[in-house]
>>> print(open('coords-v5.cif').read())   # mmCIF, C-alpha atoms
data_work
#
loop_
_atom_site.label_atom_id
_atom_site.label_comp_id
_atom_site.auth_asym_id
_atom_site.auth_seq_id
_atom_site.Cartn_x
_atom_site.Cartn_y
_atom_site.Cartn_z
CA MET A 680 -0.15 151.44 77.27
CA THR A 681 -1.53 151.17 73.76
CA LEU A 682 0.35 149.91 70.72
CA THR A 683 0.43 153.46 69.33
CA GLN A 684 2.05 154.73 72.53
CA GLU A 685 4.53 151.84 72.47
CA LYS A 686 5.52 152.64 68.91
CA THR A 687 5.95 156.30 69.75
CA ILE A 688 8.27 155.57 72.68
CA ALA A 689 10.22 152.92 70.80
CA SER A 690 10.70 155.08 67.73
CA ARG A 691 11.94 157.89 69.97
CA VAL A 692 14.46 155.87 71.96
CA ARG A 693 15.78 153.50 69.29
CA ALA A 694 17.71 156.33 67.63
CA ASP A 695 19.68 156.57 70.88
CA PHE A 696 21.07 153.04 70.51
CA PRO A 697 23.48 152.81 67.56
CA ILE A 698 24.15 149.10 68.04
CA LEU A 699 20.53 148.26 67.19
CA HIS A 700 20.89 149.67 63.67
CA GLN A 701 22.91 146.93 62.04
CA GLU A 702 22.45 143.67 60.18
CA ILE A 703 23.36 140.23 61.47
CA ASN A 704 23.72 137.55 58.79
CA GLY A 705 22.11 139.95 56.33
CA LYS A 706 19.05 140.55 58.51
CA PRO A 707 18.17 143.53 60.76
CA LEU A 708 19.29 142.84 64.31
CA VAL A 709 16.52 141.89 66.73
CA TYR A 710 18.16 141.98 70.15
CA LEU A 711 16.22 139.90 72.68
CA ASP A 712 18.97 139.09 75.17
CA ASN A 713 18.44 142.00 77.55
CA ALA A 714 18.34 139.91 80.72
CA ALA A 715 21.99 139.05 80.04
CA THR A 716 23.03 142.60 79.23
CA SER A 717 21.32 145.73 77.96
CA GLN A 718 22.45 147.95 75.12
CA LYS A 719 23.87 151.41 75.81
CA PRO A 720 22.41 154.74 74.60
CA LEU A 721 24.55 157.49 73.14
CA ALA A 722 24.22 159.49 76.35
CA VAL A 723 26.06 156.73 78.21
CA LEU A 724 28.63 156.10 75.48
CA ASN A 725 29.35 159.82 75.27
CA ALA A 726 29.69 160.15 79.05
CA LEU A 727 32.30 157.40 79.09
CA GLN A 728 34.20 158.91 76.16
CA ASP A 729 33.98 162.44 77.54
CA TYR A 730 35.43 161.32 80.85
CA TYR A 731 38.51 159.82 79.20
CA GLN A 732 38.90 162.65 76.73
CA GLN A 733 38.40 165.54 79.13
CA ASP A 734 38.51 164.56 82.81
CA ASN A 735 40.72 161.46 83.11
CA ALA A 736 42.46 161.58 86.49
CA ASN A 737 42.37 159.69 89.75
CA VAL A 738 39.65 160.64 92.20
CA HIS A 739 39.96 161.97 95.75
CA ARG A 740 43.74 162.23 95.49
CA GLY A 741 44.48 165.52 93.82
CA VAL A 742 43.62 169.18 94.04
CA HIS A 743 44.27 169.87 90.38
CA THR A 744 41.38 170.59 88.05
CA LEU A 745 41.18 167.22 86.30
CA SER A 746 41.13 165.32 89.58
CA SER A 747 38.46 167.63 90.95
CA ARG A 748 36.29 167.15 87.86
CA ALA A 749 36.78 163.37 87.94
CA THR A 750 35.84 163.30 91.62
CA ASP A 751 32.76 165.41 91.00
CA GLY A 752 31.60 163.07 88.24
CA TYR A 753 32.32 159.94 90.26
CA GLU A 754 30.63 161.13 93.43
CA GLY A 755 27.84 162.84 91.51
CA ALA A 756 26.92 159.48 90.00
CA ARG A 757 26.67 158.05 93.51
CA ASP A 758 24.11 160.74 94.35
CA LYS A 759 22.14 159.80 91.25
CA VAL A 760 22.08 156.11 92.16
CA ALA A 761 21.03 156.90 95.72
CA HIS A 762 18.14 159.02 94.48
CA PHE A 763 17.21 156.44 91.84
CA ILE A 764 16.53 153.72 94.40
CA ASN A 765 15.48 156.17 97.16
CA ALA A 766 18.32 155.42 99.56
CA ALA A 767 18.20 157.49 102.74
CA SER A 768 21.82 158.58 102.32
CA ARG A 769 24.46 158.66 99.60
CA GLN A 770 26.72 156.84 102.10
CA GLU A 771 24.51 153.79 101.64
CA ILE A 772 25.71 153.32 98.04
CA VAL A 773 28.94 151.35 97.58
CA TYR A 774 30.39 150.95 94.09
CA THR A 775 31.35 147.42 93.09
CA ARG A 776 32.34 145.78 89.80
CA ASN A 777 28.95 144.04 89.60
CA ALA A 778 26.24 142.46 91.72
CA SER A 779 28.34 139.32 92.20
CA GLU A 780 31.07 141.34 93.91
CA ALA A 781 28.46 143.14 96.00
CA ILE A 782 27.05 139.85 97.29
CA ASN A 783 30.54 138.55 98.04
CA LEU A 784 31.25 141.77 99.93
CA VAL A 785 28.31 141.09 102.23
CA ALA A 786 29.14 137.41 102.57
CA TYR A 787 32.69 138.15 103.70
CA ALA A 788 32.37 141.42 105.59
CA TRP A 789 29.07 140.71 107.36
CA GLY A 790 28.82 136.94 107.10
CA ASN A 791 32.25 136.08 108.51
CA ALA A 792 31.65 138.33 111.50
CA ASN A 793 28.08 137.30 112.30
CA LEU A 794 27.42 133.67 111.36
CA HIS A 795 28.29 130.67 113.52
CA PRO A 796 27.77 126.89 113.37
CA GLY A 797 24.09 126.05 113.19
CA ASP A 798 22.96 129.48 112.00
CA GLU A 799 20.67 129.33 108.99
CA ILE A 800 20.75 131.05 105.61
CA ILE A 801 17.56 130.83 103.57
CA LEU A 802 17.73 131.06 99.77
CA SER A 803 15.43 129.86 97.00
CA VAL A 804 15.90 127.25 94.30
CA MET A 805 15.57 129.96 91.65
CA GLU A 806 18.67 131.92 92.68
CA HIS A 807 21.33 132.98 90.20
CA HIS A 808 24.68 131.31 90.89
CA SER A 809 25.96 134.68 92.14
CA ASN A 810 23.37 134.57 94.91
CA LEU A 811 24.15 130.96 95.73
CA ILE A 812 27.88 130.26 95.60
CA PRO A 813 28.96 133.08 98.00
CA TRP A 814 26.58 131.65 100.62
CA GLN A 815 27.82 128.10 99.98
CA LEU A 816 31.36 129.32 100.64
CA LEU A 817 30.20 131.23 103.72
CA ALA A 818 28.46 128.13 105.08
CA GLN A 819 31.65 126.13 104.55
CA ARG A 820 33.68 128.77 106.42
CA THR A 821 31.31 129.23 109.35
CA GLY A 822 29.34 126.02 109.74
CA ALA A 823 26.09 127.76 108.87
CA VAL A 824 23.27 125.76 107.25
CA LEU A 825 21.64 126.53 103.90
CA LYS A 826 17.90 126.05 103.44
CA PHE A 827 15.94 126.50 100.22
CA VAL A 828 12.47 127.72 99.35
CA GLU A 829 10.90 125.73 96.51
CA LEU A 830 8.27 126.75 93.95
CA THR A 831 4.49 126.82 93.91
CA GLU A 832 2.47 125.00 91.25
CA THR A 833 2.63 128.16 89.15
CA GLU A 834 6.44 128.15 89.46
CA GLU A 835 6.71 131.10 91.80
CA PHE A 836 8.30 131.69 95.21
CA ASN A 837 6.54 129.50 97.79
CA LEU A 838 5.83 132.05 100.49
CA GLU A 839 4.02 129.59 102.75
CA GLN A 840 6.93 127.16 102.69
CA PHE A 841 9.24 130.09 103.42
CA ARG A 842 7.23 130.92 106.54
CA GLY A 843 7.71 127.34 107.70
CA LEU A 844 11.46 127.42 107.11
CA MET A 845 12.02 130.54 109.19
CA SER A 846 13.21 130.07 112.77
CA ASN A 847 15.14 131.86 115.46
CA GLN A 848 18.24 130.25 113.97
CA THR A 849 17.72 132.09 110.69
CA LYS A 850 20.22 134.91 110.38
CA LEU A 851 19.98 135.78 106.68
CA VAL A 852 17.52 135.58 103.81
CA SER A 853 18.92 136.30 100.35
CA VAL A 854 16.48 136.24 97.46
CA VAL A 855 16.18 137.44 93.90
CA HIS A 856 13.63 140.20 93.28
CA VAL A 857 12.85 139.03 89.73
CA SER A 858 13.92 135.62 88.46
CA ASN A 859 16.02 135.75 85.31
CA THR A 860 14.57 132.38 84.25
CA LEU A 861 11.02 132.21 85.61
CA GLY A 862 10.27 135.91 85.25
CA CYS A 863 8.34 135.87 88.53
CA ILE A 864 8.35 138.98 90.70
CA ASN A 865 8.99 137.87 94.27
CA PRO A 866 7.23 139.58 97.21
CA VAL A 867 10.48 140.81 98.73
CA ARG A 868 8.79 143.39 100.98
CA GLU A 869 6.76 140.65 102.66
CA ILE A 870 9.71 138.26 102.68
CA GLY A 871 11.80 140.92 104.41
CA ALA A 872 9.12 141.65 106.99
CA ILE A 873 8.99 137.96 107.91
CA ALA A 874 12.79 137.80 108.10
CA HIS A 875 12.95 140.85 110.35
CA HIS A 876 10.30 139.35 112.63
CA TYR A 877 12.80 136.60 113.40
CA GLY A 878 15.70 139.02 113.73
CA ALA A 879 17.22 137.99 110.40
CA LYS A 880 18.51 140.28 107.69
CA ILE A 881 17.54 140.27 104.03
CA LEU A 882 19.57 140.84 100.88
CA VAL A 883 17.72 141.47 97.61
CA ASP A 884 19.27 140.60 94.24
CA ALA A 885 17.72 143.35 92.12
CA CYS A 886 19.64 142.83 88.87
CA GLN A 887 16.44 142.09 86.96
CA SER A 888 14.21 144.63 88.73
CA VAL A 889 16.15 147.90 89.04
CA PRO A 890 16.45 148.25 85.22
CA HIS A 891 12.76 147.56 84.61
CA MET A 892 10.63 149.03 87.38
CA ALA A 893 10.71 151.62 90.13
CA VAL A 894 12.57 150.19 93.14
CA ASP A 895 12.41 151.94 96.51
CA VAL A 896 14.79 150.43 99.06
CA GLN A 897 13.16 152.26 101.94
CA ALA A 898 9.74 150.91 101.00
CA LEU A 899 11.19 147.41 100.61
CA ASP A 900 12.97 147.82 103.98
CA CYS A 901 15.78 145.53 102.80
CA ASP A 902 19.11 145.47 104.61
CA TRP A 903 21.08 145.17 101.38
CA LEU A 904 20.25 145.37 97.69
CA VAL A 905 22.58 144.70 94.77
CA ALA A 906 22.46 145.53 91.06
CA SER A 907 24.72 145.49 87.99
CA GLY A 908 25.11 148.52 85.75
CA HIS A 909 25.40 146.59 82.51
CA LYS A 910 21.78 145.44 82.78
CA MET A 911 20.52 149.02 83.14
CA CYS A 912 22.12 150.71 80.11
CA ALA A 913 25.47 151.35 81.84
CA PRO A 914 28.85 149.82 80.95
CA THR A 915 30.15 146.51 82.22
CA GLY A 916 32.45 146.54 85.22
CA ILE A 917 30.29 148.74 87.44
CA GLY A 918 27.56 147.84 89.89
CA PHE A 919 26.51 148.83 93.37
CA LEU A 920 25.63 147.63 96.80
CA TYR A 921 22.98 149.42 98.82
CA GLY A 922 23.10 148.82 102.54
CA LYS A 923 21.37 150.40 105.50
CA LEU A 924 23.74 152.87 107.09
CA ASP A 925 23.88 151.20 110.50
CA VAL A 926 24.37 147.78 108.92
CA LEU A 927 27.23 148.95 106.71
CA ARG A 928 28.86 150.75 109.63
CA SER A 929 28.83 147.52 111.64
CA MET A 930 30.70 145.63 108.90
CA PRO A 931 34.50 145.41 108.75
CA PRO A 932 36.26 146.23 105.46
CA PHE A 933 36.09 143.73 102.63
CA LEU A 934 39.33 144.64 100.83
CA GLY A 935 42.37 146.59 101.99
CA GLY A 936 44.29 149.24 100.08
CA GLY A 937 44.22 152.87 99.10
CA GLU A 938 41.13 155.02 99.56
CA MET A 939 39.53 152.83 102.25
CA ILE A 940 41.76 154.20 104.99
CA ALA A 941 41.81 157.16 107.36
CA ASP A 942 45.32 156.80 108.85
CA VAL A 943 47.93 154.13 108.17
CA PHE A 944 50.79 153.11 110.45
CA LEU A 945 53.28 150.31 109.98
CA ASP A 946 51.41 147.93 112.26
CA HIS A 947 47.78 149.08 112.01
CA ALA A 948 45.35 151.38 110.26
CA THR A 949 42.07 153.16 110.79
CA TYR A 950 39.41 153.14 108.12
CA ALA A 951 37.53 155.73 106.14
CA ASP A 952 33.88 156.47 106.71
CA LEU A 953 31.20 155.07 104.43
CA PRO A 954 31.06 154.37 101.60
CA HIS A 955 34.81 154.54 100.99
CA LYS A 956 35.56 151.92 103.64
CA PHE A 957 34.45 149.34 101.07
CA GLU A 958 36.05 150.88 97.97
CA ALA A 959 39.72 149.91 98.06
CA GLY A 960 42.06 151.03 95.29
CA THR A 961 41.48 153.02 92.14
CA PRO A 962 37.83 152.47 91.13
CA ALA A 963 36.16 152.20 87.73
CA ILE A 964 35.79 155.97 87.51
CA GLY A 965 34.64 156.33 83.91
CA GLU A 966 32.21 153.44 84.31
CA ALA A 967 30.74 155.03 87.43
CA VAL A 968 30.29 158.34 85.61
CA ALA A 969 28.57 156.45 82.78
CA LEU A 970 26.37 154.65 85.32
CA GLY A 971 25.23 158.09 86.45
CA ALA A 972 24.43 158.94 82.82
CA ALA A 973 22.42 155.72 82.52
CA VAL A 974 20.44 156.62 85.65
CA ASP A 975 19.74 160.05 84.14
CA TYR A 976 18.57 158.42 80.92
CA LEU A 977 16.24 155.95 82.62
CA SER A 978 14.92 158.62 84.97
CA ALA A 979 14.11 160.89 82.05
CA LEU A 980 12.09 158.11 80.41
CA GLY A 981 10.40 157.34 83.74
CA MET A 982 10.54 153.90 85.32
CA ASP A 983 6.75 153.65 85.42
CA ASN A 984 6.67 154.34 81.68
CA ILE A 985 9.35 151.71 81.08
CA HIS A 986 7.42 149.19 83.15
CA ALA A 987 4.16 149.96 81.33
CA GLN A 988 5.77 149.56 77.92
CA GLU A 989 7.39 146.28 78.91
CA ALA A 990 4.06 145.00 80.25
CA ASP A 991 2.49 145.69 76.86
CA LEU A 992 5.34 143.87 75.11
CA THR A 993 5.10 140.97 77.57
CA ALA A 994 1.39 140.50 76.91
CA TYR A 995 2.01 140.50 73.16
CA LEU A 996 4.99 138.12 73.43
CA PHE A 997 2.97 135.57 75.40
CA GLN A 998 0.00 135.89 73.06
CA GLN A 999 2.21 135.06 70.11
CA LEU A 1000 4.10 132.25 71.85
CA ALA A 1001 0.75 130.67 72.77
CA LYS A 1002 0.15 130.07 69.07
CA LEU A 1003 3.06 127.60 68.99
CA PRO A 1004 1.90 124.40 70.67
CA GLU A 1005 5.44 123.00 70.90
CA ILE A 1006 6.56 125.80 73.23
CA ARG A 1007 6.63 125.24 76.99
CA ILE A 1008 7.23 128.50 78.92
CA TYR A 1009 8.56 128.38 82.49
CA GLY A 1010 7.27 130.59 85.27
CA PRO A 1011 3.89 132.22 85.89
CA LYS A 1012 1.67 133.52 83.12
CA PRO A 1013 1.25 137.30 82.83
CA THR A 1014 -2.11 138.98 83.22
CA PRO A 1015 -3.90 139.93 79.97
CA THR A 1016 -2.24 143.35 80.28
CA GLY A 1017 1.21 141.84 80.76
CA ASP A 1018 1.60 142.55 84.47
CA GLY A 1019 2.63 140.07 87.12
CA ARG A 1020 5.92 138.94 85.65
CA ALA A 1021 9.05 140.22 83.94
CA ALA A 1022 9.36 140.88 80.20
CA LEU A 1023 11.12 137.62 79.45
CA ALA A 1024 10.21 134.07 78.50
CA ALA A 1025 12.41 131.04 79.13
CA PHE A 1026 11.09 128.12 77.12
CA THR A 1027 11.70 124.77 75.50
CA ALA A 1028 10.41 123.37 72.22
CA GLY A 1029 9.98 119.65 72.68
CA SER A 1030 13.22 117.75 72.19
CA ILE A 1031 14.94 120.54 70.24
CA HIS A 1032 18.06 121.70 72.04
CA PRO A 1033 17.90 125.41 72.96
CA HIS A 1034 21.37 125.97 71.51
CA ASP A 1035 20.13 124.69 68.16
CA LEU A 1036 17.17 127.05 68.34
CA SER A 1037 19.43 129.96 69.19
CA THR A 1038 21.77 129.15 66.30
CA ILE A 1039 18.94 129.08 63.77
CA LEU A 1040 17.45 132.30 65.15
CA ASP A 1041 20.82 134.00 64.89
CA GLN A 1042 20.77 133.28 61.17
CA ALA A 1043 17.57 135.33 61.07
CA GLY A 1044 19.25 138.18 62.96
CA VAL A 1045 17.48 137.36 66.23
CA ALA A 1046 19.64 137.29 69.38
CA ILE A 1047 18.30 135.18 72.25
CA ARG A 1048 20.01 133.32 75.09
CA ALA A 1049 20.28 129.55 75.38
CA GLY A 1050 21.58 127.54 78.33
CA HIS A 1051 20.93 127.39 82.06
CA HIS A 1052 21.17 131.20 82.56
CA CYS A 1053 23.36 130.71 85.64
CA THR A 1054 20.51 128.84 87.33
CA GLN A 1055 21.61 125.22 87.08
CA PRO A 1056 19.90 124.11 90.32
CA LEU A 1057 16.63 125.64 89.12
CA HIS A 1058 16.84 123.85 85.79
CA ARG A 1059 17.44 120.55 87.58
CA TYR A 1060 14.44 121.30 89.79
CA LEU A 1061 12.33 121.96 86.68
CA GLY A 1062 13.61 118.85 84.93
CA ALA A 1063 15.07 120.89 82.06
CA GLN A 1064 18.70 120.61 81.04
CA SER A 1065 18.57 124.07 79.52
CA THR A 1066 16.12 126.58 78.10
CA ALA A 1067 15.99 129.24 75.42
CA ARG A 1068 15.20 132.74 76.65
CA ALA A 1069 13.87 135.84 74.94
CA SER A 1070 14.11 138.93 77.14
CA LEU A 1071 12.81 142.41 76.30
CA TYR A 1072 13.65 145.99 77.15
CA PHE A 1073 11.96 149.30 76.49
CA TYR A 1074 13.61 149.74 73.07
CA ASN A 1075 12.08 146.53 71.72
CA THR A 1076 8.93 146.58 69.58
CA ARG A 1077 6.01 144.35 68.69
CA GLU A 1078 7.40 144.16 65.17
CA GLU A 1079 10.59 142.63 66.56
CA ILE A 1080 8.52 140.10 68.47
CA ASP A 1081 6.82 139.19 65.19
CA VAL A 1082 10.21 138.60 63.56
CA PHE A 1083 11.23 136.43 66.52
CA ILE A 1084 8.02 134.38 66.43
CA THR A 1085 8.30 133.80 62.68
CA ALA A 1086 11.94 132.71 63.01
CA LEU A 1087 11.10 130.51 65.99
CA GLN A 1088 8.24 128.83 64.15
CA GLU A 1089 10.46 128.18 61.16
CA ALA A 1090 13.15 126.73 63.42
CA VAL A 1091 10.66 124.42 65.13
CA GLU A 1092 9.34 123.26 61.77
CA PHE A 1093 12.88 122.73 60.48
CA PHE A 1094 13.92 120.56 63.41
CA GLY A 1095 10.54 118.86 63.41
CA GLY A 1096 11.20 117.81 59.83
CA ILE A 1097 14.55 116.34 60.86
CA PHE A 1098 13.55 114.66 64.11
CA GLY A 1099 9.83 114.22 63.59
#
>>> encode(input="coords-v5.cif", output="structure tokens")
Amino acid sequence: MTLTQEKTIASRVRADFPILHQEINGKPLVYLDNAATSQKPLAVLNALQDYYQQDNANVHRGVHTLSSRATDGYEGARDKVAHFINAASRQEIVYTRNASEAINLVAYAWGNANLHPGDEIILSVMEHHSNLIPWQLLAQRTGAVLKFVELTETEEFNLEQFRGLMSNQTKLVSVVHVSNTLGCINPVREIGAIAHHYGAKILVDACQSVPHMAVDVQALDCDWLVASGHKMCAPTGIGFLYGKLDVLRSMPPFLGGGEMIADVFLDHATYADLPHKFEAGTPAIGEAVALGAAVDYLSALGMDNIHAQEADLTAYLFQQLAKLPEIRIYGPKPTPTGDGRAALAAFTAGSIHPHDLSTILDQAGVAIRAGHHCTQPLHRYLGAQSTARASLYFYNTREEIDVFITALQEAVEFFGGIFG
């Protein structure tokens, strides 16, 4: 994608995001914290408002008009999500509050029933805490053993080490698709094929991939995949779990309550068919409807177009960061065209604390993230207490990157003058 094309797309979509048109500390907002959460277009905001203004009612429980409309919107969004990731059936999409809840669902419903002392769970050192702690708790409950894949010299998933870790004792592999710190894109299709060769199952944390590239769960052949709506232009409080139909059917319920039942007696109950077996209680109806609107919005832009634009921005970001010798970026380098990694850069600037950098950049209207990004074990592995992170989305521009680089350079010079 050329710069002219990037400008055309950005100028077209930025009008859809009212939050971007404001000043922070007297400066135009430059929002570069998209890996933490994305901004929401008017189409999504309007869908949420329209639901509460026109259709607000509980789903599945009434024959009146409002309940029917609410149910149609709620279930229609499920169809959109299923199509978006190419699930084989709408029954393979389970609504959750977020990806964290989706992973916990699998850990409890499948893990408790299938893991035993000595069974192995393979993760990587780059995992988000949400793809680490549920498996720690599962290992404590069942006596299973956790094993970890380390990084290559280019700070990517060590596929050869992974092959060596696999054994007939391995029952589960759970790995991030795109690292929120390293930006590397992990070969989850190949990882899954190796796991399946040993009879193990694979869960893919797709929080940083589903919003940014076309993801096809059938092509990946994963057993489960999780994502959070708030990272893909939808509201907070809504996410989803994809699971293969036969795998989900084999799993007992995760939570008990209304909606997940077929028949209830005083001493026992039978459970609803998928996906409702895993959706106990009144769900986040408006948020699910808005998730459907977000899927419509992204689909209309085209995920390949989004990926191409972000690749162009990634190449430009890394070109500009390379001009600052104090900056150390973690993860693999992109290709000259920006492919090969996500549109984010986690970095340090010598001895300057990332929180100090973030504070100075905020004074220039630039929003970045500073900290361990919910990857404390990875930061220890890298020997970094914390990092600063700039993360892009399709509504960002090269001009915003220029503002960021200028503010970053000034911040480095400012702290260099103090500590130099």
>>> closest_residue(input="coords-v5.cif", among="A:Asp952, A:Glu1005, A:Ala963, A:Asp758", to="A:Ser929", atoms="all atoms listed in the file")
A:Asp952
>>> residues_around(input="coords-v5.cif", residues="A:Ser888", least_positions_apart="3", cutoff="12 Å", atoms="all atoms listed in the file", output="JSON, numbers by chain")
{"A": [714, 764, 855, 856, 857, 858, 859, 862, 863, 864, 865, 867, 883, 884, 885, 891, 892, 893, 894, 895, 896, 904, 905, 906, 907, 908, 910, 911, 982, 985, 986, 1020, 1021, 1022, 1072]}
>>> resolve_selection(input="coords-v5.cif", expression="the PyMOL selection byres ((chain A and resi 996) around 9)", output="MDAnalysis selection string")
chainID A and resid 991:995 997:1001 1022:1024 1077 1080:1081 1084
>>> write_last_selection(input="coords-v5.cif", atoms="C-alpha atoms", output="short mmCIF file (atom, residue, chain, number, x, y, z; two decimals), in the frame of the given file")
data_model
loop_
_atom_site.label_atom_id
_atom_site.label_comp_id
_atom_site.auth_asym_id
_atom_site.auth_seq_id
_atom_site.Cartn_x
_atom_site.Cartn_y
_atom_site.Cartn_z
CA ASP A 991 2.49 145.69 76.86
CA LEU A 992 5.34 143.87 75.11
CA THR A 993 5.10 140.97 77.57
CA ALA A 994 1.39 140.50 76.91
CA TYR A 995 2.01 140.50 73.16
CA PHE A 997 2.97 135.57 75.40
CA GLN A 998 0.00 135.89 73.06
CA GLN A 999 2.21 135.06 70.11
CA LEU A 1000 4.10 132.25 71.85
CA ALA A 1001 0.75 130.67 72.77
CA ALA A 1022 9.36 140.88 80.20
CA LEU A 1023 11.12 137.62 79.45
CA ALA A 1024 10.21 134.07 78.50
CA ARG A 1077 6.01 144.35 68.69
CA ILE A 1080 8.52 140.10 68.47
CA ASP A 1081 6.82 139.19 65.19
CA ILE A 1084 8.02 134.38 66.43
#
>>> resolve_selection(input="coords-v5.cif", expression="the PyMOL selection byres ((chain A and resi 954) around 6)", output="list of chain:residue names")
A:Gln770, A:Val773, A:Leu953, A:His955, A:Lys956
>>> atom_distance(input="coords-v5.cif", atom1="atom CA of A:Pro796", atom2="atom CA of A:Glu839")
26.2 Å
>>> closest_residue(input="coords-v5.cif", among="A:Lys880, A:Leu711, A:Leu724, A:Tyr1009", to="A:Glu834", atoms="only C-alpha atoms")
A:Tyr1009
>>> atom_distance(input="coords-v5.cif", atom1="atom CA of A:Pro1004", atom2="atom CA of A:Thr1054")
25.4 Å
>>> closest_residue(input="coords-v5.cif", among="A:Asn765, A:Ser853, A:Ser803, A:Thr961", to="A:Gly871", atoms="all atoms listed in the file")
A:Ser853
>>> closest_residue(input="coords-v5.cif", among="A:Ile873, A:Asp946, A:Arg820, A:Gly1044", to="A:Tyr787", atoms="only C-alpha atoms")
A:Arg820
>>> residues_near_point(input="coords-v5.cif", point="(28.0, 148.4, 75.5)", cutoff="7 Å", atoms="all atoms listed in the file", output="list in words")
Gln718, Lys719 and Pro914 of chain A
>>> atom_distance(input="coords-v5.cif", atom1="atom CA of A:Ala722", atom2="atom CA of A:Ile703")
24.4 Å
